[in-house]
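Peer 1: Provided herewith: data24.json, JSON, C-alpha atoms.
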```json
[["chain", "number", "residue", "atom", "x", "y", "z"],
["A", 642, "MET", "CA", -1.49, 8.60, 57.09],
["A", 643, "LYS", "CA", -2.66, 6.15, 54.44],
["A", 644, "ASN", "CA", -2.66, 7.00, 50.75],
["A", 645, "LYS", "CA", -5.92, 8.24, 49.26],
["A", 646, "TYR", "CA", -6.56, 7.04, 45.73],
["A", 647, "THR", "CA", -8.41, 8.99, 43.05],
["A", 648, "ASN", "CA", -9.93, 8.59, 39.61],
["A", 649, "LEU", "CA", -8.60, 10.01, 36.36],
["A", 650, "ASP", "CA", -9.26, 13.73, 36.00],
["A", 651, "GLY", "CA", -10.13, 13.97, 39.70],
["A", 652, "ILE", "CA", -13.65, 12.63, 39.11],
["A", 653, "GLN", "CA", -15.22, 11.55, 42.37],
["A", 654, "ASN", "CA", -18.47, 10.46, 43.92],
["A", 655, "THR", "CA", -19.64, 13.46, 45.96],
["A", 656, "HIS", "CA", -23.10, 12.21, 46.94],
["A", 657, "THR", "CA", -24.20, 13.08, 50.45],
["A", 658, "PHE", "CA", -26.38, 11.35, 53.02],
["A", 659, "LYS", "CA", -29.20, 13.60, 51.82],
["A", 660, "ASP", "CA", -28.79, 12.18, 48.32],
["A", 661, "LEU", "CA", -28.95, 8.67, 49.77],
["A", 662, "LEU", "CA", -32.23, 9.49, 51.51],
["A", 663, "ARG", "CA", -33.61, 10.87, 48.22],
["A", 664, "TRP", "CA", -32.74, 7.60, 46.51],
["A", 665, "ARG", "CA", -34.43, 5.59, 49.25],
["A", 666, "ARG", "CA", -37.60, 7.66, 48.89],
["A", 667, "GLU", "CA", -37.57, 7.15, 45.12],
["A", 668, "ARG", "CA", -37.09, 3.40, 45.55],
["A", 669, "ARG", "CA", -40.25, 3.14, 47.65],
["A", 670, "GLY", "CA", -42.25, 4.48, 44.73],
["A", 671, "ASN", "CA", -40.40, 2.46, 42.10],
["A", 672, "LYS", "CA", -41.20, -1.18, 42.84],
["A", 673, "LYS", "CA", -39.49, -3.70, 40.60],
["A", 674, "ASP", "CA", -40.47, -7.26, 39.71],
["A", 675, "LEU", "CA", -37.73, -9.41, 41.19],
["A", 676, "ALA", "CA", -39.45, -12.70, 40.32],
["A", 677, "GLN", "CA", -37.74, -12.94, 36.92],
["A", 678, "GLN", "CA", -34.01, -13.54, 37.29],
["A", 679, "ILE", "CA", -31.01, -14.59, 35.20],
["A", 680, "PRO", "CA", -31.26, -18.35, 34.52],
["A", 681, "GLN", "CA", -28.78, -21.07, 35.31],
["A", 682, "SER", "CA", -27.14, -22.90, 32.44],
["A", 683, "PRO", "CA", -28.74, -26.32, 31.80],
["A", 684, "LYS", "CA", -25.32, -27.62, 30.75],
["A", 685, "LYS", "CA", -22.53, -27.22, 33.29],
["A", 686, "GLU", "CA", -19.24, -28.82, 32.37],
["A", 687, "ILE", "CA", -17.73, -29.10, 35.84],
["A", 688, "SER", "CA", -15.82, -32.33, 35.19],
["A", 689, "ARG", "CA", -14.38, -30.99, 31.95],
["A", 690, "LEU", "CA", -13.32, -27.76, 33.68],
["A", 691, "LYS", "CA", -11.54, -29.73, 36.40],
["A", 692, "GLU", "CA", -9.68, -31.84, 33.85],
["A", 693, "ASN", "CA", -8.90, -29.00, 31.41],
["A", 694, "ARG", "CA", -5.17, -28.40, 31.03],
["A", 695, "GLN", "CA", -5.06, -27.21, 27.44],
["A", 696, "HIS", "CA", -8.08, -25.30, 26.18],
["A", 697, "HIS", "CA", -8.94, -21.66, 26.82],
["A", 698, "SER", "CA", -12.26, -21.22, 28.57],
["A", 699, "ILE", "CA", -14.30, -18.53, 30.32],
["A", 700, "THR", "CA", -17.05, -19.56, 32.77],
["A", 701, "TRP", "CA", -19.42, -17.04, 34.35],
["A", 702, "ILE", "CA", -20.10, -17.92, 37.97],
["A", 703, "GLY", "CA", -22.10, -14.78, 38.66],
["A", 704, "HIS", "CA", -21.77, -11.04, 39.29],
["A", 705, "SER", "CA", -18.06, -10.31, 38.56],
["A", 706, "THR", "CA", -16.80, -13.81, 39.30],
["A", 707, "PHE", "CA", -15.34, -15.74, 36.36],
["A", 708, "LEU", "CA", -13.25, -18.88, 36.11],
["A", 709, "ILE", "CA", -10.75, -18.28, 33.31],
["A", 710, "GLN", "CA", -8.57, -21.13, 32.08],
["A", 711, "MET", "CA", -5.53, -20.90, 29.86],
["A", 712, "GLY", "CA", -2.69, -23.34, 29.32],
["A", 713, "GLY", "CA", -3.45, -25.32, 32.47],
["A", 714, "CYS", "CA", -3.72, -22.19, 34.63],
["A", 715, "ASN", "CA", -6.94, -21.55, 36.57],
["A", 716, "ILE", "CA", -7.76, -17.90, 37.26],
["A", 717, "LEU", "CA", -10.62, -16.46, 39.31],
["A", 718, "THR", "CA", -11.78, -12.85, 39.14],
["A", 719, "ASP", "CA", -13.40, -11.26, 42.22],
["A", 720, "PRO", "CA", -14.40, -14.58, 43.85],
["A", 721, "VAL", "CA", -17.69, -14.02, 45.72],
["A", 722, "TRP", "CA", -20.07, -16.83, 46.70],
["A", 723, "ALA", "CA", -21.73, -14.86, 49.53],
["A", 724, "LYS", "CA", -25.42, -15.65, 50.07],
["A", 725, "LYS", "CA", -26.08, -12.12, 51.31],
["A", 726, "MET", "CA", -24.78, -8.65, 50.61],
["A", 727, "GLY", "CA", -25.55, -6.60, 53.67],
["A", 728, "LEU", "CA", -29.21, -7.28, 54.47],
["A", 729, "GLN", "CA", -30.04, -8.31, 50.89],
["A", 730, "LYS", "CA", -30.22, -11.98, 49.97],
["A", 731, "ARG", "CA", -28.44, -13.08, 46.83],
["A", 732, "LEU", "CA", -30.93, -13.14, 43.94],
["A", 733, "THR", "CA", -29.33, -15.98, 41.96],
["A", 734, "ASP", "CA", -27.17, -18.89, 43.07],
["A", 735, "PRO", "CA", -23.57, -18.97, 41.83],
["A", 736, "GLY", "CA", -23.28, -20.86, 38.56],
["A", 737, "ILE", "CA", -20.81, -23.36, 40.04],
["A", 738, "PRO", "CA", -20.60, -24.33, 43.72],
["A", 739, "ILE", "CA", -17.27, -23.27, 45.16],
["A", 740, "SER", "CA", -16.56, -26.87, 46.21],
["A", 741, "HIS", "CA", -16.73, -27.96, 42.54],
["A", 742, "LEU", "CA", -13.98, -25.65, 41.30],
["A", 743, "PRO", "CA", -10.62, -26.93, 40.12],
["A", 744, "GLU", "CA", -7.58, -25.90, 42.13],
["A", 745, "ILE", "CA", -6.97, -22.19, 41.60],
["A", 746, "ASP", "CA", -3.62, -20.69, 40.60],
["A", 747, "LEU", "CA", -4.33, -16.96, 40.42],
["A", 748, "VAL", "CA", -6.96, -14.67, 41.92],
["A", 749, "LEU", "CA", -7.43, -11.21, 40.42],
["A", 750, "ILE", "CA", -9.16, -8.63, 42.64],
["A", 751, "SER", "CA", -10.63, -5.43, 41.16],
["A", 752, "HIS", "CA", -11.24, -3.55, 44.44],
["A", 753, "GLY", "CA", -12.21, -3.93, 48.06],
["A", 754, "HIS", "CA", -16.00, -3.61, 48.05],
["A", 755, "TYR", "CA", -17.64, -6.64, 49.66],
["A", 756, "ASP", "CA", -19.39, -7.76, 46.47],
["A", 757, "HIS", "CA", -15.94, -8.11, 44.87],
["A", 758, "LEU", "CA", -13.75, -9.14, 47.79],
["A", 759, "ASP", "CA", -15.25, -11.79, 50.08],
["A", 760, "PHE", "CA", -12.76, -13.44, 52.41],
["A", 761, "PRO", "CA", -15.11, -16.29, 53.47],
["A", 762, "SER", "CA", -15.28, -17.29, 49.79],
["A", 763, "ILE", "CA", -11.51, -17.01, 49.39],
["A", 764, "LYS", "CA", -11.01, -19.21, 52.45],
["A", 765, "ASN", "CA", -12.88, -22.03, 50.69],
["A", 766, "LEU", "CA", -10.70, -22.00, 47.57],
["A", 767, "THR", "CA", -8.13, -24.75, 47.06],
["A", 768, "GLY", "CA", -4.74, -24.57, 45.36],
["A", 769, "ASP", "CA", -1.41, -22.80, 45.75],
["A", 770, "ILE", "CA", -2.89, -19.39, 45.03],
["A", 771, "SER", "CA", -1.24, -16.10, 44.13],
["A", 772, "PHE", "CA", -3.41, -13.06, 44.83],
["A", 773, "TYR", "CA", -3.12, -9.96, 42.66],
["A", 774, "VAL", "CA", -4.74, -7.04, 44.45],
["A", 775, "PRO", "CA", -5.00, -3.25, 44.11],
["A", 776, "ALA", "CA", -2.58, -1.09, 46.06],
["A", 777, "GLY", "CA", -3.65, -0.75, 49.68],
["A", 778, "LEU", "CA", -5.09, -4.26, 50.10],
["A", 779, "LYS", "CA", -1.96, -6.37, 50.59],
["A", 780, "SER", "CA", -1.77, -5.87, 54.36],
["A", 781, "MET", "CA", -5.39, -6.99, 54.75],
["A", 782, "PHE", "CA", -4.60, -10.26, 52.97],
["A", 783, "GLN", "CA", -1.42, -10.76, 54.98],
["A", 784, "LYS", "CA", -3.27, -10.26, 58.27],
["A", 785, "LYS", "CA", -5.52, -13.13, 57.23],
["A", 786, "GLY", "CA", -2.52, -15.37, 56.62],
["A", 787, "TYR", "CA", -2.09, -15.11, 52.84],
["A", 788, "GLU", "CA", 1.56, -14.79, 51.81],
["A", 789, "LYS", "CA", 1.59, -14.81, 48.00],
["A", 790, "VAL", "CA", 0.04, -11.38, 47.57],
["A", 791, "PHE", "CA", 1.11, -8.93, 44.87],
["A", 792, "GLU", "CA", -0.05, -5.33, 45.09],
["A", 793, "ALA", "CA", -0.68, -3.22, 41.98],
["A", 794, "ASN", "CA", -1.02, 0.38, 40.92],
["A", 795, "TRP", "CA", -2.46, 1.24, 37.53],
["A", 796, "TRP", "CA", -0.36, -0.05, 34.62],
["A", 797, "ASP", "CA", 1.78, -2.29, 36.84],
["A", 798, "LYS", "CA", 2.76, -5.49, 35.03],
["A", 799, "PHE", "CA", 3.33, -8.99, 36.39],
["A", 800, "THR", "CA", 4.38, -12.36, 35.00],
["A", 801, "GLU", "CA", 3.45, -15.71, 36.54],
["A", 802, "LYS", "CA", 3.07, -19.22, 35.15],
["A", 803, "GLY", "CA", 3.92, -17.88, 31.73],
["A", 804, "LEU", "CA", 1.09, -15.34, 31.80],
["A", 805, "SER", "CA", 1.45, -11.56, 31.57],
["A", 806, "LEU", "CA", -0.94, -9.49, 33.70],
["A", 807, "THR", "CA", -1.50, -5.73, 33.83],
["A", 808, "PHE", "CA", -3.61, -3.76, 36.31],
["A", 809, "VAL", "CA", -5.54, -1.10, 34.39],
["A", 810, "PRO", "CA", -7.62, 1.94, 35.42],
["A", 811, "ALA", "CA", -11.32, 1.98, 36.26],
["A", 812, "GLN", "CA", -13.56, 4.76, 37.57],
["A", 813, "HIS", "CA", -14.86, 3.81, 40.99],
["A", 814, "TRP", "CA", -14.14, 4.13, 44.75],
["A", 815, "THR", "CA", -13.63, 1.86, 47.77],
["A", 816, "ARG", "CA", -14.66, 1.46, 51.36],
["A", 817, "ARG", "CA", -14.92, -1.53, 53.72],
["A", 818, "THR", "CA", -15.24, 0.30, 57.04],
["A", 819, "ALA", "CA", -16.22, 3.76, 58.24],
["A", 820, "PHE", "CA", -12.56, 4.80, 58.31],
["A", 821, "ASP", "CA", -10.92, 3.52, 55.11],
["A", 822, "MET", "CA", -12.58, 5.51, 52.31],
["A", 823, "ASN", "CA", -10.41, 5.22, 49.16],
["A", 824, "THR", "CA", -7.36, 3.97, 51.08],
["A", 825, "SER", "CA", -7.05, 1.14, 48.56],
["A", 826, "HIS", "CA", -7.17, 1.38, 44.80],
["A", 827, "TRP", "CA", -9.56, 0.00, 42.17],
["A", 828, "GLY", "CA", -9.17, -1.11, 38.57],
["A", 829, "GLY", "CA", -9.40, -3.93, 36.08],
["A", 830, "TRP", "CA", -7.02, -6.59, 34.79],
["A", 831, "VAL", "CA", -5.73, -7.51, 31.36],
["A", 832, "ILE", "CA", -4.44, -11.03, 30.71],
["A", 833, "GLN", "CA", -2.33, -10.26, 27.66],
["A", 834, "ASP", "CA", -1.62, -13.85, 26.59],
["A", 835, "MET", "CA", -5.34, -14.58, 26.42],
["A", 836, "LYS", "CA", -6.12, -11.09, 25.06],
["A", 837, "THR", "CA", -8.78, -10.81, 27.75],
["A", 838, "GLY", "CA", -9.76, -7.69, 29.65],
["A", 839, "PHE", "CA", -11.66, -7.75, 32.95],
["A", 840, "ALA", "CA", -13.03, -4.24, 33.42],
["A", 841, "GLY", "CA", -13.74, -4.57, 37.14],
["A", 842, "ASP", "CA", -16.40, -2.25, 38.60],
["A", 843, "THR", "CA", -16.55, 1.11, 36.87],
["A", 844, "GLY", "CA", -18.42, 4.05, 35.49],
["A", 845, "TYR", "CA", -17.84, 5.19, 31.93],
["A", 846, "PHE", "CA", -14.57, 7.13, 31.55],
["A", 847, "ARG", "CA", -11.89, 7.98, 29.03],
["A", 848, "GLY", "CA", -9.68, 5.16, 30.28],
["A", 849, "PHE", "CA", -11.44, 2.61, 28.08],
["A", 850, "LYS", "CA", -9.94, 4.20, 24.99],
["A", 851, "GLU", "CA", -6.49, 4.23, 26.57],
["A", 852, "ILE", "CA", -6.81, 0.52, 27.43],
["A", 853, "GLY", "CA", -7.86, -0.18, 23.85],
["A", 854, "ASP", "CA", -4.84, 1.69, 22.56],
["A", 855, "GLN", "CA", -2.44, -0.15, 24.89],
["A", 856, "PHE", "CA", -3.58, -3.73, 24.32],
["A", 857, "GLU", "CA", -4.85, -5.99, 21.58],
["A", 858, "LEU", "CA", -7.99, -7.38, 23.22],
["A", 859, "ASP", "CA", -10.06, -10.26, 21.95],
["A", 860, "THR", "CA", -12.56, -10.58, 24.83],
["A", 861, "VAL", "CA", -13.77, -7.92, 27.24],
["A", 862, "LEU", "CA", -15.65, -8.79, 30.44],
["A", 863, "MET", "CA", -17.81, -5.68, 30.82],
["A", 864, "PRO", "CA", -20.13, -4.62, 33.68],
["A", 865, "ILE", "CA", -23.66, -3.58, 32.70],
["A", 866, "GLY", "CA", -25.66, -3.44, 35.96],
["A", 867, "ALA", "CA", -26.25, -1.45, 39.16],
["A", 868, "TYR", "CA", -26.78, 1.81, 37.24],
["A", 869, "GLU", "CA", -30.21, 2.97, 38.44],
["A", 870, "PRO", "CA", -30.99, 5.66, 39.53],
["A", 871, "GLU", "CA", -28.44, 7.05, 37.12],
["A", 872, "TRP", "CA", -28.24, 10.47, 38.81],
["A", 873, "PHE", "CA", -26.81, 8.60, 41.83],
["A", 874, "MET", "CA", -24.86, 5.75, 40.20],
["A", 875, "LYS", "CA", -23.41, 7.29, 37.03],
["A", 876, "ILE", "CA", -19.94, 8.07, 38.38],
["A", 877, "SER", "CA", -19.31, 4.57, 39.70],
["A", 878, "HIS", "CA", -21.44, 2.17, 37.62],
["A", 879, "ILE", "CA", -21.77, 2.04, 33.86],
["A", 880, "ASN", "CA", -25.18, 1.68, 32.18],
["A", 881, "PRO", "CA", -25.74, -0.77, 29.29],
["A", 882, "GLU", "CA", -25.57, 1.90, 26.57],
["A", 883, "ASP", "CA", -22.27, 3.28, 27.84],
["A", 884, "ALA", "CA", -21.02, -0.27, 28.31],
["A", 885, "VAL", "CA", -21.42, -0.83, 24.56],
["A", 886, "LYS", "CA", -19.60, 2.45, 23.87],
["A", 887, "ALA", "CA", -16.82, 1.47, 26.27],
["A", 888, "PHE", "CA", -16.50, -1.96, 24.66],
["A", 889, "GLN", "CA", -16.10, -0.38, 21.24],
["A", 890, "GLU", "CA", -13.39, 1.91, 22.62],
["A", 891, "THR", "CA", -11.43, -1.08, 23.93],
["A", 892, "LYS", "CA", -11.43, -2.42, 20.34],
["A", 893, "GLY", "CA", -12.38, -5.85, 21.63],
["A", 894, "ALA", "CA", -13.75, -8.56, 19.37],
["A", 895, "TYR", "CA", -16.18, -10.12, 21.87],
["A", 896, "CYS", "CA", -18.09, -8.74, 24.85],
["A", 897, "ILE", "CA", -19.21, -10.79, 27.85],
["A", 898, "PRO", "CA", -21.55, -8.83, 30.16],
["A", 899, "MET", "CA", -21.21, -9.14, 33.93],
["A", 900, "HIS", "CA", -22.09, -7.35, 37.19],
["A", 901, "TYR", "CA", -25.83, -7.94, 36.98],
["A", 902, "GLY", "CA", -28.40, -10.36, 38.33],
["A", 903, "ALA", "CA", -26.69, -11.50, 41.56],
["A", 904, "TYR", "CA", -27.25, -8.75, 44.13],
["A", 905, "ARG", "CA", -29.68, -5.86, 44.35],
["A", 906, "LEU", "CA", -27.06, -3.13, 44.57],
["A", 907, "ALA", "CA", -29.24, -0.59, 42.77],
["A", 908, "ASP", "CA", -32.78, -0.34, 41.38],
["A", 909, "ASP", "CA", -32.29, -1.94, 37.97],
["A", 910, "THR", "CA", -32.82, -5.68, 37.52],
["A", 911, "GLY", "CA", -30.73, -8.20, 35.61],
["A", 912, "PRO", "CA", -33.32, -8.74, 32.86],
["A", 913, "GLU", "CA", -33.69, -4.94, 32.42],
["A", 914, "ALA", "CA", -29.94, -4.52, 32.03],
["A", 915, "LEU", "CA", -29.79, -7.29, 29.42],
["A", 916, "GLU", "CA", -32.75, -5.86, 27.50],
["A", 917, "ARG", "CA", -31.12, -2.44, 27.27],
["A", 918, "LEU", "CA", -27.80, -4.04, 26.29],
["A", 919, "HIS", "CA", -29.37, -6.00, 23.42],
["A", 920, "LYS", "CA", -31.28, -2.94, 22.24],
["A", 921, "GLU", "CA", -28.14, -0.78, 22.14],
["A", 922, "TRP", "CA", -26.12, -3.56, 20.50],
["A", 923, "GLY", "CA", -28.70, -3.66, 17.72],
["A", 924, "ARG", "CA", -28.88, 0.11, 17.44],
["A", 925, "LYS", "CA", -25.11, 0.20, 16.90],
["A", 926, "GLU", "CA", -25.51, -2.56, 14.28],
["A", 927, "LEU", "CA", -22.91, -4.76, 15.93],
["A", 928, "LYS", "CA", -22.82, -8.43, 14.91],
["A", 929, "ASP", "CA", -24.85, -10.67, 17.21],
["A", 930, "HIS", "CA", -22.12, -13.30, 17.54],
["A", 931, "ARG", "CA", -19.77, -10.75, 19.10],
["A", 932, "LEU", "CA", -22.02, -10.43, 22.17],
["A", 933, "LYS", "CA", -21.47, -13.50, 24.35],
["A", 934, "VAL", "CA", -24.23, -13.47, 26.97],
["A", 935, "LEU", "CA", -23.47, -16.37, 29.31],
["A", 936, "LEU", "CA", -25.97, -18.10, 31.56],
["A", 937, "LEU", "CA", -24.92, -18.72, 35.15],
["A", 938, "GLY", "CA", -22.43, -21.56, 35.10],
["A", 939, "GLU", "CA", -22.08, -21.49, 31.32],
["A", 940, "THR", "CA", -18.64, -21.96, 29.75],
["A", 941, "TRP", "CA", -17.42, -20.41, 26.52],
["A", 942, "TRP", "CA", -14.73, -22.67, 25.09],
["A", 943, "LYS", "CA", -12.46, -20.47, 23.01],
["A", 944, "SER", "CA", -11.00, -22.25, 20.01],
["A", 945, "GLY", "CA", -8.80, -19.37, 18.98],
["A", 946, "LYS", "CA", -10.38, -19.52, 15.51],
["A", 947, "GLU", "CA", -13.19, -17.03, 16.05],
["A", 948, "GLN", "CA", -13.16, -14.26, 13.52],
["A", 949, "PRO", "CA", -15.35, -11.24, 14.28],
["A", 950, "GLN", "CA", -16.92, -9.46, 11.34]]
```
Have the structure of the file written as structure tokens, please.
Peer 2:
Amino acid sequence: MKNKYTNLDGIQNTHTFKDLLRWRRERRGNKKDLAQQIPQSPKKEISRLKENRQHHSITWIGHSTFLIQMGGCNILTDPVWAKKMGLQKRLTDPGIPISHLPEIDLVLISHGHYDHLDFPSIKNLTGDISFYVPAGLKSMFQKKGYEKVFEANWWDKFTEKGLSLTFVPAQHWTRRTAFDMNTSHWGGWVIQDMKTGFAGDTGYFRGFKEIGDQFELDTVLMPIGAYEPEWFMKISHINPEDAVKAFQETKGAYCIPMHYGAYRLADDTGPEALERLHKEWGRKELKDHRLKVLLLGETWWKSGKEQPQ
């Protein structure tokens, strides 16, 4: 009998097939304009990223996929270049073609859903890669021939290539087949040396405050999309207003939004999510420079001298 993983406080998604049918009926009467999408960056620094061995950088590739560089180490979060998700075509191309990446050292996986764990994408990565995965996923990687796989429960700590990593809680669920519901865990990752938190895929929950109390975070990669209809998505996906609240609870200095604009996982669109995010950011009177909205393929070169106010 495999382990079954749960959220903090026993919170779970209890929606039924009847609820799913209700959502589908609502969607038919709630047509969205999908013509406007998140733009690609006009300036992509692929050569500089390949040559970078010193500077800290964060590049948004799309959805929850980031290339993070620190001290010559290349890290990918949730690497997904899939052109389709189920029957839905990808709405925006990845910001950097997978063939243009530098060699990868570490891959951090948040959970097993297909829009976060895509083995065809992983197969096309180059480098001597160590995979850090939630508990319950190691055997799946090993069956596919990957040997350097490290499995994590919440708050487990790891050290590799001089970097300290911690797997932190999120509020979500997992399933890849009809028979493996919640048999692997879910969460986010903190790269302590870079003071960077990757929140993974999550609804709003009290764990953000605990993460903020445990770590000194400079940058938080925060999901903002796939929240509509909220009566269906609220447990598992955070809306833009709660994303701002969660960011404040992590005590981060800078917020980079993610998990929007690549796949139609829900009824909101990428531009809608960004509009609500900006509106809430202004309502909370947070400084504009602390919100780092990246275009697809855009790189934020971190000098280490930024001072939030």
Peer 1: Under the rule of at most 9 Å, produce a per-residue listing of segment 743-829 of chain A near segment 838-856 of chain A: chain, number, name, the closest pair of atoms, and the distance in Å, as JSON lines, using all atoms listed in the file.
Peer 2:
```
{"residue": "A:Ile750", "atom": "CA", "partner": "A:Gly841", "partner_atom": "CA", "distance": 8.2}
{"residue": "A:Ser751", "atom": "CA", "partner": "A:Gly841", "partner_atom": "CA", "distance": 5.2}
{"residue": "A:His752", "atom": "CA", "partner": "A:Gly841", "partner_atom": "CA", "distance": 7.8}
{"residue": "A:His757", "atom": "CA", "partner": "A:Asp842", "partner_atom": "CA", "distance": 8.6}
{"residue": "A:Val809", "atom": "CA", "partner": "A:Ile852", "partner_atom": "CA", "distance": 7.3}
{"residue": "A:Pro810", "atom": "CA", "partner": "A:Gly848", "partner_atom": "CA", "distance": 6.4}
{"residue": "A:Ala811", "atom": "CA", "partner": "A:Thr843", "partner_atom": "CA", "distance": 5.3}
{"residue": "A:Gln812", "atom": "CA", "partner": "A:Thr843", "partner_atom": "CA", "distance": 4.8}
{"residue": "A:His813", "atom": "CA", "partner": "A:Thr843", "partner_atom": "CA", "distance": 5.2}
{"residue": "A:Trp814", "atom": "CA", "partner": "A:Thr843", "partner_atom": "CA", "distance": 8.8}
{"residue": "A:Trp827", "atom": "CA", "partner": "A:Gly841", "partner_atom": "CA", "distance": 8.0}
{"residue": "A:Gly828", "atom": "CA", "partner": "A:Gly841", "partner_atom": "CA", "distance": 5.9}
{"residue": "A:Gly829", "atom": "CA", "partner": "A:Ala840", "partner_atom": "CA", "distance": 4.5}
```
Peer 1: What does the distance between atom CA of Trp922 of chain A and atom CA of Tyr901 of chain A come to in Å, to one decimal place?
Peer 2: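 Atom CA of Tyr901 of chain A lies 17.1 Å from atom CA of Trp922 of chain A.
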Peer 1: Write out as a ChimeraX atom specification which residues come within 12 Å of Asp674 of chain A when counting only C-alpha atoms, dropping same-chain ones fewer than 5 positions away.
Peer 2: /A:732,905,908-913
Peer 1: Which residues are near Asn654 of chain A? Cut-off 12 Å, only C-alpha atoms, ignore same chain within fewer than 3 positions. Put them as a PDB file with C-alpha atoms, in the coordinates of the input.
Peer 2:
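Final output, part20.pdb:
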```pdb
ATOM      1  CA  THR A 647      -8.410   8.990  43.050  1.00  0.00           C
ATOM      2  CA  ASN A 648      -9.930   8.590  39.610  1.00  0.00           C
ATOM      3  CA  GLY A 651     -10.130  13.970  39.700  1.00  0.00           C
ATOM      4  CA  THR A 657     -24.200  13.080  50.450  1.00  0.00           C
ATOM      5  CA  ASP A 660     -28.790  12.180  48.320  1.00  0.00           C
ATOM      6  CA  GLN A 812     -13.560   4.760  37.570  1.00  0.00           C
ATOM      7  CA  HIS A 813     -14.860   3.810  40.990  1.00  0.00           C
ATOM      8  CA  TRP A 814     -14.140   4.130  44.750  1.00  0.00           C
ATOM      9  CA  THR A 815     -13.630   1.860  47.770  1.00  0.00           C
ATOM     10  CA  MET A 822     -12.580   5.510  52.310  1.00  0.00           C
ATOM     11  CA  ASN A 823     -10.410   5.220  49.160  1.00  0.00           C
ATOM     12  CA  THR A 843     -16.550   1.110  36.870  1.00  0.00           C
ATOM     13  CA  GLY A 844     -18.420   4.050  35.490  1.00  0.00           C
ATOM     14  CA  TRP A 872     -28.240  10.470  38.810  1.00  0.00           C
ATOM     15  CA  PHE A 873     -26.810   8.600  41.830  1.00  0.00           C
ATOM     16  CA  MET A 874     -24.860   5.750  40.200  1.00  0.00           C
ATOM     17  CA  LYS A 875     -23.410   7.290  37.030  1.00  0.00           C
ATOM     18  CA  ILE A 876     -19.940   8.070  38.380  1.00  0.00           C
ATOM     19  CA  SER A 877     -19.310   4.570  39.700  1.00  0.00           C
ATOM     20  CA  HIS A 878     -21.440   2.170  37.620  1.00  0.00           C
TER      21      HIS A 878
END
```
Peer 1: Using only C-alpha atoms, which protein or nucleic acid residues come within 8 Å of Phe888 of chain A? Drop anything in the same chain fewer than 3 positions from it, and give the result as an NGL selection string.
Peer 2: :A and (849 or 861 or 863 or 884-885 or 891-893 or 896)
Peer 1: What is the distance, in Å and to one decimal place, between atom CA of Glu744 of chain A and atom CA of Leu758 of chain A?
Peer 2: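 Straight-line distance from atom CA of Glu744 of chain A to atom CA of Leu758 of chain A works out to 18.7 Å.
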Peer 1: Please provide as a ChimeraX atom specification all residues within 12 Å of Glu692 of chain A, with the sequence filter that same-chain residues fewer than 2 positions apart are discarded (counting all atoms listed in the file).
Peer 2: /A:686-690,694-696,710,712-715,741-744
Peer 1: Generate the output file for the selected residues, C-alpha atoms, as a tab-separated table (two decimals), in the frame of the given file.
Peer 2:
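Result file follows (out35.tsv):
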```tsv
chain	number	residue	atom	x	y	z
A	686	GLU	CA	-19.24	-28.82	32.37
A	687	ILE	CA	-17.73	-29.10	35.84
A	688	SER	CA	-15.82	-32.33	35.19
A	689	ARG	CA	-14.38	-30.99	31.95
A	690	LEU	CA	-13.32	-27.76	33.68
A	694	ARG	CA	-5.17	-28.40	31.03
A	695	GLN	CA	-5.06	-27.21	27.44
A	696	HIS	CA	-8.08	-25.30	26.18
A	710	GLN	CA	-8.57	-21.13	32.08
A	712	GLY	CA	-2.69	-23.34	29.32
A	713	GLY	CA	-3.45	-25.32	32.47
A	714	CYS	CA	-3.72	-22.19	34.63
A	715	ASN	CA	-6.94	-21.55	36.57
A	741	HIS	CA	-16.73	-27.96	42.54
A	742	LEU	CA	-13.98	-25.65	41.30
A	743	PRO	CA	-10.62	-26.93	40.12
A	744	GLU	CA	-7.58	-25.90	42.13
```
Peer 1: To one decimal in Å, tell me the separation between atom CA of Arg731 of chain A and atom CA of Ile709 of chain A.
Peer 2: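 Taking atom CA of Arg731 of chain A as the start and atom CA of Ile709 of chain A as the end point, the length is 22.9 Å.
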Peer 1: Hey, which of A:Ser682, A:Trp795, A:Ile716, A:Ile702 ends up closest to Ile832 of chain A? Count only C-alpha atoms.
Peer 2: A:Ile716
Peer 1: Pick out the closest residue to Ser698 of chain A from this set: A:Leu717, A:Gln889, A:Gly803, A:Arg663. Count all atoms listed in the file.
Peer 2: A:Leu717
Peer 1: Mind listing as a list in words all residues within 10 Å of (-23.4, -12.4, 17.6), counting only C-alpha atoms?
Peer 2: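 The residues that fall inside the cut-off are Tyr895, Cys896, Trp922, Leu927, Lys928, Asp929, His930, Arg931, Leu932, Lys933, Val934, Pro949 and Gln950 of chain A.
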